[in-house]
file start-v1.cif (mmCIF, C-alpha atoms)
data_data
#
loop_
_atom_site.label_atom_id
_atom_site.label_comp_id
_atom_site.auth_asym_id
_atom_site.auth_seq_id
_atom_site.Cartn_x
_atom_site.Cartn_y
_atom_site.Cartn_z
CA MET A 879 11.92 4.76 -3.82
CA ALA A 880 9.67 6.92 -1.70
CA ILE A 881 10.04 10.44 -0.39
CA GLY A 882 8.56 11.98 2.76
CA ASP A 883 9.47 13.76 5.98
CA PHE A 884 9.90 10.61 8.04
CA ASP A 885 11.64 12.29 10.98
CA GLN A 886 9.31 15.33 10.98
CA ASP A 887 12.05 17.94 10.87
CA GLY A 888 10.53 19.83 7.95
CA ARG A 889 12.96 18.37 5.40
CA LEU A 890 12.25 15.65 2.86
CA ASP A 891 13.91 12.27 3.31
CA ILE A 892 14.48 9.43 0.84
CA ALA A 893 13.63 5.76 1.38
CA VAL A 894 14.96 3.05 -0.95
CA SER A 895 14.06 -0.64 -1.02
CA GLN A 896 16.89 -3.16 -0.66
CA TYR A 897 15.61 -6.50 -1.89
CA ASN A 898 18.52 -8.78 -1.07
CA SER A 899 18.95 -7.62 2.52
CA GLY A 900 15.22 -7.36 3.27
CA SER A 901 15.50 -3.78 4.39
CA VAL A 902 14.72 -0.17 3.59
CA GLY A 903 17.53 2.37 3.46
CA LEU A 904 16.67 5.83 4.81
CA PHE A 905 18.56 8.98 3.82
CA TYR A 906 17.53 11.95 5.97
CA GLY A 907 17.46 15.45 4.55
CA GLN A 908 19.99 17.80 6.12
CA ALA A 909 19.85 21.50 6.95
CA GLY A 910 21.30 23.44 4.04
CA GLY A 911 20.74 20.57 1.61
CA GLY A 912 22.09 17.09 1.07
CA PHE A 913 21.30 13.85 2.85
CA SER A 914 22.63 11.80 5.74
CA GLY A 915 24.32 8.45 5.45
CA ARG A 916 22.05 5.45 4.99
CA THR A 917 20.12 4.05 7.94
CA ASP A 918 18.85 0.51 7.31
CA VAL A 919 15.49 -0.63 8.67
CA PRO A 920 14.44 -4.32 8.41
CA VAL A 921 11.12 -4.78 6.61
CA GLY A 922 10.82 -8.43 5.59
CA ALA A 923 12.07 -10.90 3.01
CA GLY A 924 12.06 -9.08 -0.33
CA PRO A 925 10.90 -5.43 -0.41
CA VAL A 926 10.31 -3.95 -3.87
CA GLY A 927 7.75 -1.17 -4.27
CA MET A 928 7.16 1.64 -1.79
CA VAL A 929 4.88 4.61 -1.31
CA ALA A 930 4.90 7.31 1.38
CA ALA A 931 1.56 8.69 2.57
CA ASP A 932 -0.40 9.36 5.76
CA LEU A 933 -2.41 6.15 5.54
CA ASP A 934 -4.02 6.32 8.99
CA ALA A 935 -4.73 10.08 8.91
CA ASP A 936 -2.82 10.85 12.11
CA GLY A 937 -0.70 13.61 10.59
CA HIS A 938 2.46 11.49 10.29
CA VAL A 939 3.93 10.11 7.06
CA ASP A 940 3.79 6.32 6.78
CA LEU A 941 5.72 4.02 4.46
CA ALA A 942 3.98 1.13 2.67
CA VAL A 943 6.19 -1.60 1.17
CA THR A 944 5.40 -4.58 -1.06
CA ASP A 945 7.20 -7.81 -0.23
CA HIS A 946 7.72 -9.83 -3.40
CA ARG A 947 8.84 -12.98 -1.64
CA VAL A 948 5.99 -13.41 0.85
CA ASP A 949 3.15 -11.67 -1.05
CA LYS A 950 2.37 -9.11 1.61
CA VAL A 951 2.04 -5.37 1.93
CA GLY A 952 3.77 -4.03 5.01
CA VAL A 953 3.41 -0.57 6.54
CA LEU A 954 5.85 1.30 8.76
CA TYR A 955 3.59 3.83 10.46
CA GLY A 956 4.96 7.24 11.33
CA GLN A 957 5.29 8.05 15.01
CA ALA A 958 4.58 11.24 16.91
CA GLY A 959 7.84 13.16 17.21
CA GLY A 960 9.40 11.45 14.20
CA GLY A 961 10.57 8.00 13.20
CA LEU A 962 8.77 4.90 11.97
CA GLU A 963 7.20 2.04 13.89
CA ALA A 964 8.27 -1.55 13.27
CA ILE A 965 6.66 -2.95 10.15
CA ALA A 966 3.10 -4.30 10.37
CA TYR A 967 1.30 -6.36 7.73
CA PRO A 968 -2.31 -5.20 7.39
CA CYS A 969 -3.04 -7.27 4.27
CA VAL A 970 -1.91 -10.19 2.11
CA VAL A 971 -1.66 -9.80 -1.67
CA ASP A 972 -1.25 -13.13 -3.45
CA GLY A 973 0.70 -13.22 -6.70
CA ASP A 974 4.18 -11.70 -6.52
CA ALA A 975 3.41 -8.17 -5.32
CA THR A 976 5.70 -5.57 -6.89
CA GLY A 977 4.66 -1.94 -7.41
CA ILE A 978 2.43 0.13 -5.13
CA THR A 979 0.72 3.51 -5.14
CA SER A 980 -1.80 5.30 -2.93
CA GLY A 981 -4.85 7.50 -3.38
CA ASP A 982 -8.48 7.87 -2.35
CA PHE A 983 -9.83 5.73 -5.17
CA ASP A 984 -13.41 5.47 -3.88
CA GLY A 985 -13.82 9.04 -2.61
CA ASP A 986 -14.59 8.13 1.01
CA GLY A 987 -11.88 10.36 2.47
CA HIS A 988 -9.52 7.49 3.34
CA LEU A 989 -6.36 6.60 1.46
CA ASP A 990 -6.33 3.31 -0.43
CA LEU A 991 -3.51 1.26 -1.97
CA ALA A 992 -3.16 -0.23 -5.45
CA VAL A 993 -0.65 -3.06 -5.87
CA THR A 994 0.65 -4.73 -9.02
CA ARG A 995 0.72 -8.56 -9.03
CA GLN A 996 2.84 -10.43 -11.56
CA VAL A 997 0.83 -13.61 -11.05
CA PRO A 998 -1.68 -13.43 -12.72
CA ASP A 999 -0.91 -10.00 -14.28
CA THR A 1000 -3.35 -7.89 -12.30
CA VAL A 1001 -3.71 -4.90 -9.98
CA SER A 1002 -5.36 -5.30 -6.58
CA VAL A 1003 -7.00 -2.28 -4.99
CA LEU A 1004 -6.92 -2.35 -1.19
CA TYR A 1005 -9.44 0.05 0.32
CA GLY A 1006 -8.41 1.79 3.52
CA ASP A 1007 -10.66 2.59 6.48
CA GLY A 1008 -8.41 5.33 7.88
CA ALA A 1009 -7.71 3.20 10.95
CA ARG A 1010 -4.93 0.96 9.60
CA GLY A 1011 -7.29 -1.52 8.00
CA PHE A 1012 -7.27 -2.47 4.30
CA THR A 1013 -9.46 -4.85 2.29
CA ASP A 1014 -10.04 -5.72 -1.35
CA ARG A 1015 -13.80 -5.96 -0.58
CA GLY A 1016 -13.89 -9.21 -2.49
CA LEU A 1017 -13.57 -7.39 -5.80
CA VAL A 1018 -11.95 -9.01 -8.81
CA PRO A 1019 -8.43 -7.64 -9.44
CA LEU A 1020 -7.95 -5.40 -12.47
CA THR A 1021 -6.44 -7.11 -15.51
CA VAL A 1022 -3.43 -5.41 -17.10
CA GLY A 1023 -0.50 -6.55 -19.28
CA ARG A 1024 2.21 -9.12 -18.70
CA ALA A 1025 4.43 -8.81 -15.62
CA PRO A 1026 3.11 -5.49 -14.28
CA SER A 1027 5.83 -3.61 -12.43
CA GLY A 1028 5.67 0.11 -11.64
CA ILE A 1029 2.37 1.83 -10.87
CA THR A 1030 1.31 5.38 -10.10
CA SER A 1031 -1.92 7.33 -9.75
CA GLY A 1032 -3.22 10.72 -10.82
CA ASP A 1033 -5.98 12.49 -12.72
CA PHE A 1034 -4.75 11.87 -16.25
CA ASN A 1035 -7.85 12.98 -18.18
CA GLY A 1036 -8.98 16.04 -16.23
CA ASP A 1037 -12.24 14.63 -14.81
CA ASP A 1038 -11.18 15.10 -11.15
CA LEU A 1039 -11.08 11.33 -10.59
CA LEU A 1040 -7.96 9.34 -9.81
CA ASP A 1041 -6.68 7.04 -12.55
CA LEU A 1042 -3.98 4.35 -12.52
CA ALA A 1043 -1.00 4.01 -14.84
CA VAL A 1044 0.64 0.56 -14.80
CA LEU A 1045 3.83 -0.55 -16.58
CA ASN A 1046 3.82 -3.98 -18.22
CA PHE A 1047 7.41 -5.26 -18.29
CA TYR A 1048 7.09 -7.99 -20.93
CA ASP A 1049 4.69 -6.06 -23.17
CA ASP A 1050 6.88 -2.93 -23.30
CA ASP A 1051 3.82 -0.79 -22.70
CA MET A 1052 1.68 0.99 -20.11
CA THR A 1053 -1.95 0.37 -19.18
CA VAL A 1054 -3.98 3.40 -18.08
CA LEU A 1055 -7.12 2.55 -16.08
CA TYR A 1056 -9.53 5.46 -15.74
CA GLY A 1057 -11.33 6.10 -12.46
CA GLN A 1058 -15.12 6.10 -12.30
CA SER A 1059 -17.47 8.24 -10.27
CA GLY A 1060 -18.33 6.39 -7.05
CA GLY A 1061 -15.21 4.26 -7.17
CA GLY A 1062 -13.75 1.57 -9.39
CA PHE A 1063 -12.07 1.82 -12.76
CA GLY A 1064 -13.57 1.74 -16.23
CA GLY A 1065 -11.98 2.43 -19.59
CA ARG A 1066 -8.54 1.07 -20.41
CA VAL A 1067 -5.89 2.40 -22.80
CA ASP A 1068 -2.55 0.70 -23.62
CA LEU A 1069 0.41 2.80 -24.79
CA GLY A 1070 3.88 1.72 -25.90
CA VAL A 1071 6.56 3.24 -23.65
CA GLY A 1072 9.90 1.51 -24.39
CA LYS A 1073 11.76 -1.72 -23.79
CA GLU A 1074 11.19 -3.42 -20.40
CA PRO A 1075 9.70 -0.54 -18.39
CA LEU A 1076 10.05 -0.72 -14.61
CA GLY A 1077 9.68 2.62 -12.84
CA ILE A 1078 7.04 5.32 -13.23
CA ALA A 1079 6.35 8.70 -11.63
CA ALA A 1080 3.52 11.19 -12.12
CA ALA A 1081 3.98 14.95 -11.73
CA ASP A 1082 3.53 18.17 -13.68
CA PHE A 1083 7.07 18.21 -15.03
CA ASP A 1084 6.50 20.98 -17.62
CA GLY A 1085 4.35 23.28 -15.46
CA ASP A 1086 1.29 23.36 -17.75
CA GLY A 1087 -1.15 22.18 -15.07
CA ARG A 1088 -1.51 18.67 -16.49
CA ARG A 1089 -0.16 15.45 -15.04
CA ASP A 1090 2.86 14.02 -16.87
CA LEU A 1091 4.68 10.70 -16.56
CA ALA A 1092 8.36 9.78 -16.30
CA ILE A 1093 9.13 6.15 -17.16
CA SER A 1094 12.39 4.25 -16.80
CA ASN A 1095 13.16 1.53 -19.36
CA SER A 1096 15.71 -0.96 -18.06
CA TRP A 1097 16.73 -2.45 -21.42
CA GLU A 1098 17.31 0.92 -23.09
CA GLY A 1099 18.84 2.58 -20.05
CA THR A 1100 16.59 5.60 -20.48
CA VAL A 1101 14.01 7.72 -18.72
CA ARG A 1102 11.26 8.84 -21.06
CA PHE A 1103 8.84 11.67 -20.34
CA PHE A 1104 5.23 11.50 -21.54
CA TYR A 1105 3.48 14.83 -21.25
CA GLY A 1106 -0.22 15.17 -20.44
CA GLN A 1107 -2.29 16.51 -23.33
CA SER A 1108 -5.29 18.82 -23.37
CA GLY A 1109 -8.40 16.64 -23.08
CA GLY A 1110 -6.45 13.62 -21.80
CA GLY A 1111 -3.83 11.25 -23.12
CA PHE A 1112 -0.07 11.54 -23.32
CA GLY A 1113 2.49 12.53 -25.92
CA PRO A 1114 6.20 11.62 -25.78
CA ARG A 1115 8.37 14.70 -25.92
CA ASP A 1116 11.85 13.98 -24.65
CA GLY A 1117 13.99 11.68 -22.55
CA PHE A 1118 17.39 11.01 -21.08
CA GLY A 1119 19.75 8.14 -21.77
CA GLY A 1120 23.33 7.09 -22.00
CA TRP A 1121 23.46 5.32 -18.63
CA GLN A 1122 21.97 2.09 -17.38
CA ILE A 1123 18.83 2.28 -15.24
CA TRP A 1124 17.43 -0.77 -13.48
CA SER A 1125 14.70 0.86 -11.53
CA SER A 1126 11.64 -0.59 -9.82
CA ASN A 1127 10.82 2.78 -8.28
CA LEU A 1128 10.70 6.18 -9.91
CA TYR A 1129 9.53 9.26 -8.04
CA GLY A 1130 8.66 12.82 -8.96
CA GLN A 1131 9.07 15.35 -6.16
CA GLU A 1132 10.26 18.91 -5.56
CA LEU A 1133 13.41 18.38 -3.48
CA VAL A 1134 15.51 21.49 -3.87
CA GLY A 1135 12.90 24.21 -3.29
CA ASP A 1136 13.10 25.74 -6.77
CA GLY A 1137 9.46 25.12 -7.72
CA ASN A 1138 10.41 22.34 -10.14
CA TYR A 1139 9.85 18.62 -9.89
CA GLU A 1140 12.82 16.30 -9.87
CA SER A 1141 12.63 12.74 -11.17
CA LEU A 1142 14.42 10.03 -9.22
CA ALA A 1143 15.33 6.50 -10.22
CA TYR A 1144 16.67 3.87 -7.82
CA THR A 1145 18.12 0.47 -8.59
CA SER A 1146 16.54 -2.54 -6.92
CA THR A 1147 19.78 -4.37 -6.03
CA ASP A 1148 21.63 -3.70 -2.77
CA ASN A 1149 25.02 -2.68 -4.13
CA ALA A 1150 24.09 -1.07 -7.43
CA GLN A 1151 23.70 2.64 -8.03
CA GLN A 1152 20.74 4.89 -7.37
CA ILE A 1153 20.28 7.37 -10.18
CA GLY A 1154 18.31 10.59 -10.12
CA LEU A 1155 17.59 13.70 -12.14
CA TYR A 1156 17.68 17.04 -10.32
CA ASP A 1157 18.17 20.67 -11.20
CA MET A 1158 21.04 20.96 -8.75
CA ASN A 1159 22.40 24.35 -9.84
CA GLY A 1160 19.20 26.20 -10.72
CA ASP A 1161 19.97 26.52 -14.44
CA GLY A 1162 16.70 24.89 -15.51
CA LEU A 1163 18.52 21.80 -16.84
CA PRO A 1164 18.44 18.34 -15.27
CA ASP A 1165 21.69 17.12 -13.74
CA ARG A 1166 22.51 13.47 -13.09
CA VAL A 1167 22.85 12.48 -9.45
CA ILE A 1168 24.22 9.00 -8.76
CA TRP A 1169 24.49 7.16 -5.44
CA ASP A 1170 27.68 5.12 -5.43
CA ALA A 1171 26.66 2.44 -2.95
CA SER A 1172 30.09 0.78 -2.83
CA ASN A 1173 31.75 3.99 -1.60
CA GLU A 1174 28.63 5.51 -0.01
CA ARG A 1175 28.81 8.85 -1.80
CA TRP A 1176 26.69 11.01 -4.10
CA LEU A 1177 28.08 11.94 -7.52
CA VAL A 1178 26.73 14.91 -9.50
CA GLN A 1179 27.24 15.18 -13.25
#
call {"tool": "encode", "arguments": {"input": "start-v1.cif", "output": "structure tokens"}}
result
Amino acid sequence: MAIGDFDQDGRLDIAVSQYNSGSVGLFYGQAGGGFSGRTDVPVGAGPVGMVAADLDADGHVDLAVTDHRVDKVGVLYGQAGGGLEAIAYPCVVDGDATGITSGDFDGDGHLDLAVTRQVPDTVSVLYGDGARGFTDRGLVPLTVGRAPSGITSGDFNGDDLLDLAVLNFYDDDMTVLYGQSGGGFGGRVDLGVGKEPLGIAAADFDGDGRRDLAISNSWEGTVRFFYGQSGGGFGPRDGFGGWQIWSSNLYGQELVGDGNYESLAYTSTDNAQQIGLYDMNGDGLPDRVIWDASNERWLVQ
């Protein structure tokens, strides 16, 4: 799942990957709230991870997508006046590409991409030039745990450098790779997060000024929140369960204009449900929002 104003109407839209059909489903934000019906855009053989960002610095939101079947990263570049260009493939990532995140990891002013690879359990950093070019610069991929899936970035230890948090599906844990001055990543910390984690989002969910993480665990059917601590690190505080989540993408974003972040989970199969957490009625409590793909309707609980 990725969120951005893809049609440039001032409202946030939602993009979801649809692995079996080789497409991305776009739900456009509507005036007064809510979303349009799904618009499908072909993107390749097996899209999985997505991230929305202005990768070529032209002022338009782009959508980067990993293709698990052909080991490529594709980008649908935003167009002037709204809409997305047909997908282009600026780089090849060998080894079952899955999750993806963006950030300026080397501090050169251009957005880069970090991609999880399940063969051989690594993360590749693709450095952007701001002109639609990306390269790994011949650097050795970063070693993480077994079957890395979701990935996100943020300053997790308060040193003003971007770090990476990577979920390891078969190890039931998360690897945090800390950014270094001048680029690259140094220290590594592994933290247990729950059974078979897939989706991860970073945002300040509790409003204390520190970056927190929301993690979906497919086996447990839960979303767990890990709250950033003073001086770095994370502490588990609460979570939500009672319904099955099979999510390769989890996203934290303010959607309803109440100053709070909402956490969204989306299933990676075409006909299954997309599940999200929103404060829909402004009572400060998260409500469950489910996309019923079979009947093409949103359900709020």
call {"tool": "residues_around", "arguments": {"input": "start-v1.cif", "residues": "range 971-984 of chain A", "least_positions_apart": "6", "cutoff": "7 Å", "atoms": "only C-alpha atoms", "output": "count of residues only"}}
result
29
call {"tool": "residues_around", "arguments": {"input": "start-v1.cif", "residues": "Arg1024 in chain A", "least_positions_apart": "3", "cutoff": "6 Å", "atoms": "only C-alpha atoms", "output": "list of chain:residue names"}}
result
A:Asp999, A:Asn1046, A:Tyr1048, A:Asp1049
call {"tool": "atom_distance", "arguments": {"input": "start-v1.cif", "atom1": "CA of Val1044 in chain A", "atom2": "CA of Asp1090 in chain A"}}
result
13.8 Å
call {"tool": "residues_around", "arguments": {"input": "start-v1.cif", "residues": "range 883-892 of chain A", "least_positions_apart": "2", "cutoff": "8 Å", "atoms": "all atoms listed in the file", "output": "list in words"}}
result
Met879, Ala880, Ile881, Val894, Leu904, Phe905, Tyr906, Gly907, Gln908, Ala909, Phe913, His938, Val939, Asp940, Gly956, Gly959, Gly960, Gly961, Leu962 and Leu1133 of chain A
call {"tool": "resolve_selection", "arguments": {"input": "start-v1.cif", "expression": "the PyMOL selection byres ((chain A and resi 1064) around 12)", "output": "compact mmCIF listing (two decimals) with C-alpha atoms, keeping the file's coordinate frame"}}
result
# COMPACT_ATOMS: atom_id res chain seq x y z
CA LEU A 1020 -7.95 -5.40 -12.47
CA THR A 1021 -6.44 -7.11 -15.51
CA LEU A 1039 -11.08 11.33 -10.59
CA LEU A 1040 -7.96 9.34 -9.81
CA ASP A 1041 -6.68 7.04 -12.55
CA LEU A 1042 -3.98 4.35 -12.52
CA VAL A 1054 -3.98 3.40 -18.08
CA LEU A 1055 -7.12 2.55 -16.08
CA TYR A 1056 -9.53 5.46 -15.74
CA GLY A 1057 -11.33 6.10 -12.46
CA GLN A 1058 -15.12 6.10 -12.30
CA SER A 1059 -17.47 8.24 -10.27
CA GLY A 1060 -18.33 6.39 -7.05
CA GLY A 1061 -15.21 4.26 -7.17
CA GLY A 1062 -13.75 1.57 -9.39
CA PHE A 1063 -12.07 1.82 -12.76
CA GLY A 1065 -11.98 2.43 -19.59
CA ARG A 1066 -8.54 1.07 -20.41
CA VAL A 1067 -5.89 2.40 -22.80
call {"tool": "atom_distance", "arguments": {"input": "start-v1.cif", "atom1": "CA of Phe1104 in chain A", "atom2": "CA of Ala1092 in chain A"}}
result
6.3 Å
call {"tool": "atom_distance", "arguments": {"input": "start-v1.cif", "atom1": "CA of Gly1087 in chain A", "atom2": "CA of Leu989 in chain A"}}
result
23.3 Å
call {"tool": "resolve_selection", "arguments": {"input": "start-v1.cif", "expression": "the PyMOL selection byres ((chain A and resi 1004) around 7)", "output": "NGL selection string"}}
result
:A and (990-992 or 1002-1003 or 1005-1006 or 1012-1014)
call {"tool": "closest_residue", "arguments": {"input": "start-v1.cif", "among": "A:Gly900, A:Gly1008, A:Pro1026, A:Gly911", "to": "Val943 in chain A", "atoms": "all atoms listed in the file"}}
result
A:Gly900
call {"tool": "resolve_selection", "arguments": {"input": "start-v1.cif", "expression": "the PyMOL selection byres ((chain A and resi 1107) around 12)", "output": "list in words"}}
result
Asp1033, Phe1034, Asn1035, Gly1036, Asp1082, Asp1084, Asp1086, Gly1087, Arg1088, Arg1089, Asp1090, Leu1091, Phe1104, Tyr1105, Gly1106, Ser1108, Gly1109, Gly1110, Gly1111, Phe1112, Gly1113, Pro1114 and Arg1115 of chain A
call {"tool": "axis_aligned_box", "arguments": {"input": "start-v1.cif", "around": "range 882-887 of chain A", "padding_each_side": "8 Å", "output": "lines of an AutoDock Vina configuration file"}}
result
center_x = 10.3
center_y = 14.3
center_z = 6.9
size_x = 19.5
size_y = 23.3
size_z = 24.2
call {"tool": "closest_residue", "arguments": {"input": "start-v1.cif", "among": "A:Val953, A:Val948, A:Ile1093, A:Ala893", "to": "Arg1010 in chain A", "atoms": "all atoms listed in the file"}}
result
A:Val953
call {"tool": "residues_near_point", "arguments": {"input": "start-v1.cif", "point": "(8.2, -3.6, 17.7)", "cutoff": "12 Å", "atoms": "all atoms listed in the file", "output": "PyMOL selection string"}}
result
chain A and resi 919-921+954-955+962-966
call {"tool": "residues_around", "arguments": {"input": "start-v1.cif", "residues": "Asn1095 in chain A", "least_positions_apart": "4", "cutoff": "9 Å", "atoms": "only C-alpha atoms", "output": "list in words"}}
result
Phe1047, Asp1050, Val1071, Gly1072, Lys1073, Glu1074, Pro1075, Leu1076, Gly1077, Gly1099, Thr1100, Val1101, Arg1102, Ile1123, Trp1124 and Ser1125 of chain A
call {"tool": "decode", "arguments": {"input": "start-v1.cif", "residues": "range 1015-1024 of chain A", "atoms": "all heavy atoms", "output": "PDB file, in the first residue's frame"}}
result
ATOM      1  N   ARG A1015      25.775   1.445  -6.844  1.00  0.00           N
ATOM      2  CA  ARG A1015      27.164   1.896  -6.735  1.00  0.00           C
ATOM      3  C   ARG A1015      28.137   0.747  -6.494  1.00  0.00           C
ATOM      4  O   ARG A1015      29.251   0.956  -6.006  1.00  0.00           O
ATOM      5  CB  ARG A1015      27.308   2.942  -5.625  1.00  0.00           C
ATOM      6  CG  ARG A1015      26.521   4.216  -5.873  1.00  0.00           C
ATOM      7  CD  ARG A1015      26.666   5.199  -4.722  1.00  0.00           C
ATOM      8  NE  ARG A1015      25.907   6.427  -4.977  1.00  0.00           N
ATOM      9  CZ  ARG A1015      25.693   7.368  -4.059  1.00  0.00           C
ATOM     10  NH1 ARG A1015      26.174   7.204  -2.833  1.00  0.00           N
ATOM     11  NH2 ARG A1015      25.009   8.447  -4.362  1.00  0.00           N
ATOM     12  N   GLY A1016      27.713  -0.448  -6.801  1.00  0.00           N
ATOM     13  CA  GLY A1016      28.584  -1.597  -6.612  1.00  0.00           C
ATOM     14  C   GLY A1016      28.779  -2.000  -5.172  1.00  0.00           C
ATOM     15  O   GLY A1016      29.662  -2.817  -4.867  1.00  0.00           O
ATOM     16  N   LEU A1017      27.966  -1.468  -4.268  1.00  0.00           N
ATOM     17  CA  LEU A1017      28.113  -1.761  -2.849  1.00  0.00           C
ATOM     18  C   LEU A1017      27.483  -3.113  -2.506  1.00  0.00           C
ATOM     19  O   LEU A1017      26.518  -3.549  -3.130  1.00  0.00           O
ATOM     20  CB  LEU A1017      27.457  -0.662  -2.015  1.00  0.00           C
ATOM     21  CG  LEU A1017      28.029   0.747  -2.207  1.00  0.00           C
ATOM     22  CD1 LEU A1017      27.237   1.758  -1.383  1.00  0.00           C
ATOM     23  CD2 LEU A1017      29.501   0.781  -1.822  1.00  0.00           C
ATOM     24  N   VAL A1018      28.045  -3.761  -1.507  1.00  0.00           N
ATOM     25  CA  VAL A1018      27.531  -5.050  -1.062  1.00  0.00           C
ATOM     26  C   VAL A1018      26.186  -4.834  -0.368  1.00  0.00           C
ATOM     27  O   VAL A1018      26.060  -3.945   0.485  1.00  0.00           O
ATOM     28  CB  VAL A1018      28.512  -5.730  -0.097  1.00  0.00           C
ATOM     29  CG1 VAL A1018      27.929  -7.027   0.445  1.00  0.00           C
ATOM     30  CG2 VAL A1018      29.842  -5.992  -0.799  1.00  0.00           C
ATOM     31  N   PRO A1019      25.153  -5.608  -0.706  1.00  0.00           N
ATOM     32  CA  PRO A1019      23.863  -5.470  -0.021  1.00  0.00           C
ATOM     33  C   PRO A1019      23.986  -5.693   1.481  1.00  0.00           C
ATOM     34  O   PRO A1019      24.899  -6.381   1.959  1.00  0.00           O
ATOM     35  CB  PRO A1019      22.999  -6.557  -0.683  1.00  0.00           C
ATOM     36  CG  PRO A1019      23.633  -6.783  -2.015  1.00  0.00           C
ATOM     37  CD  PRO A1019      25.098  -6.601  -1.788  1.00  0.00           C
ATOM     38  N   LEU A1020      23.058  -5.131   2.237  1.00  0.00           N
ATOM     39  CA  LEU A1020      23.070  -5.217   3.687  1.00  0.00           C
ATOM     40  C   LEU A1020      22.434  -6.536   4.128  1.00  0.00           C
ATOM     41  O   LEU A1020      21.330  -6.878   3.720  1.00  0.00           O
ATOM     42  CB  LEU A1020      22.293  -4.055   4.277  1.00  0.00           C
ATOM     43  CG  LEU A1020      22.758  -2.651   3.849  1.00  0.00           C
ATOM     44  CD1 LEU A1020      21.715  -1.610   4.222  1.00  0.00           C
ATOM     45  CD2 LEU A1020      24.108  -2.327   4.462  1.00  0.00           C
ATOM     46  N   THR A1021      23.125  -7.269   4.982  1.00  0.00           N
ATOM     47  CA  THR A1021      22.619  -8.551   5.464  1.00  0.00           C
ATOM     48  C   THR A1021      21.615  -8.342   6.588  1.00  0.00           C
ATOM     49  O   THR A1021      21.854  -7.576   7.522  1.00  0.00           O
ATOM     50  CB  THR A1021      23.771  -9.428   5.976  1.00  0.00           C
ATOM     51  OG1 THR A1021      24.698  -9.660   4.899  1.00  0.00           O
ATOM     52  CG2 THR A1021      23.248 -10.770   6.475  1.00  0.00           C
ATOM     53  N   VAL A1022      20.484  -9.036   6.483  1.00  0.00           N
ATOM     54  CA  VAL A1022      19.452  -8.967   7.521  1.00  0.00           C
ATOM     55  C   VAL A1022      19.063 -10.401   7.878  1.00  0.00           C
ATOM     56  O   VAL A1022      19.851 -11.321   7.746  1.00  0.00           O
ATOM     57  CB  VAL A1022      18.242  -8.133   7.059  1.00  0.00           C
ATOM     58  CG1 VAL A1022      18.624  -6.657   6.984  1.00  0.00           C
ATOM     59  CG2 VAL A1022      17.702  -8.609   5.721  1.00  0.00           C
ATOM     60  N   GLY A1023      17.821 -10.614   8.373  1.00  0.00           N
ATOM     61  CA  GLY A1023      17.383 -11.943   8.751  1.00  0.00           C
ATOM     62  C   GLY A1023      16.791 -12.717   7.592  1.00  0.00           C
ATOM     63  O   GLY A1023      16.882 -12.309   6.430  1.00  0.00           O
ATOM     64  N   ARG A1024      16.149 -13.838   7.915  1.00  0.00           N
ATOM     65  CA  ARG A1024      15.629 -14.727   6.886  1.00  0.00           C
ATOM     66  C   ARG A1024      14.312 -14.215   6.307  1.00  0.00           C
ATOM     67  O   ARG A1024      13.413 -13.820   7.029  1.00  0.00           O
ATOM     68  CB  ARG A1024      15.424 -16.128   7.461  1.00  0.00           C
ATOM     69  CG  ARG A1024      16.714 -16.843   7.855  1.00  0.00           C
ATOM     70  CD  ARG A1024      16.406 -18.233   8.374  1.00  0.00           C
ATOM     71  NE  ARG A1024      15.537 -18.190   9.553  1.00  0.00           N
ATOM     72  CZ  ARG A1024      14.827 -19.239   9.984  1.00  0.00           C
ATOM     73  NH1 ARG A1024      14.840 -20.383   9.312  1.00  0.00           N
ATOM     74  NH2 ARG A1024      14.086 -19.129  11.076  1.00  0.00           N
TER      75      ARG A1024
END
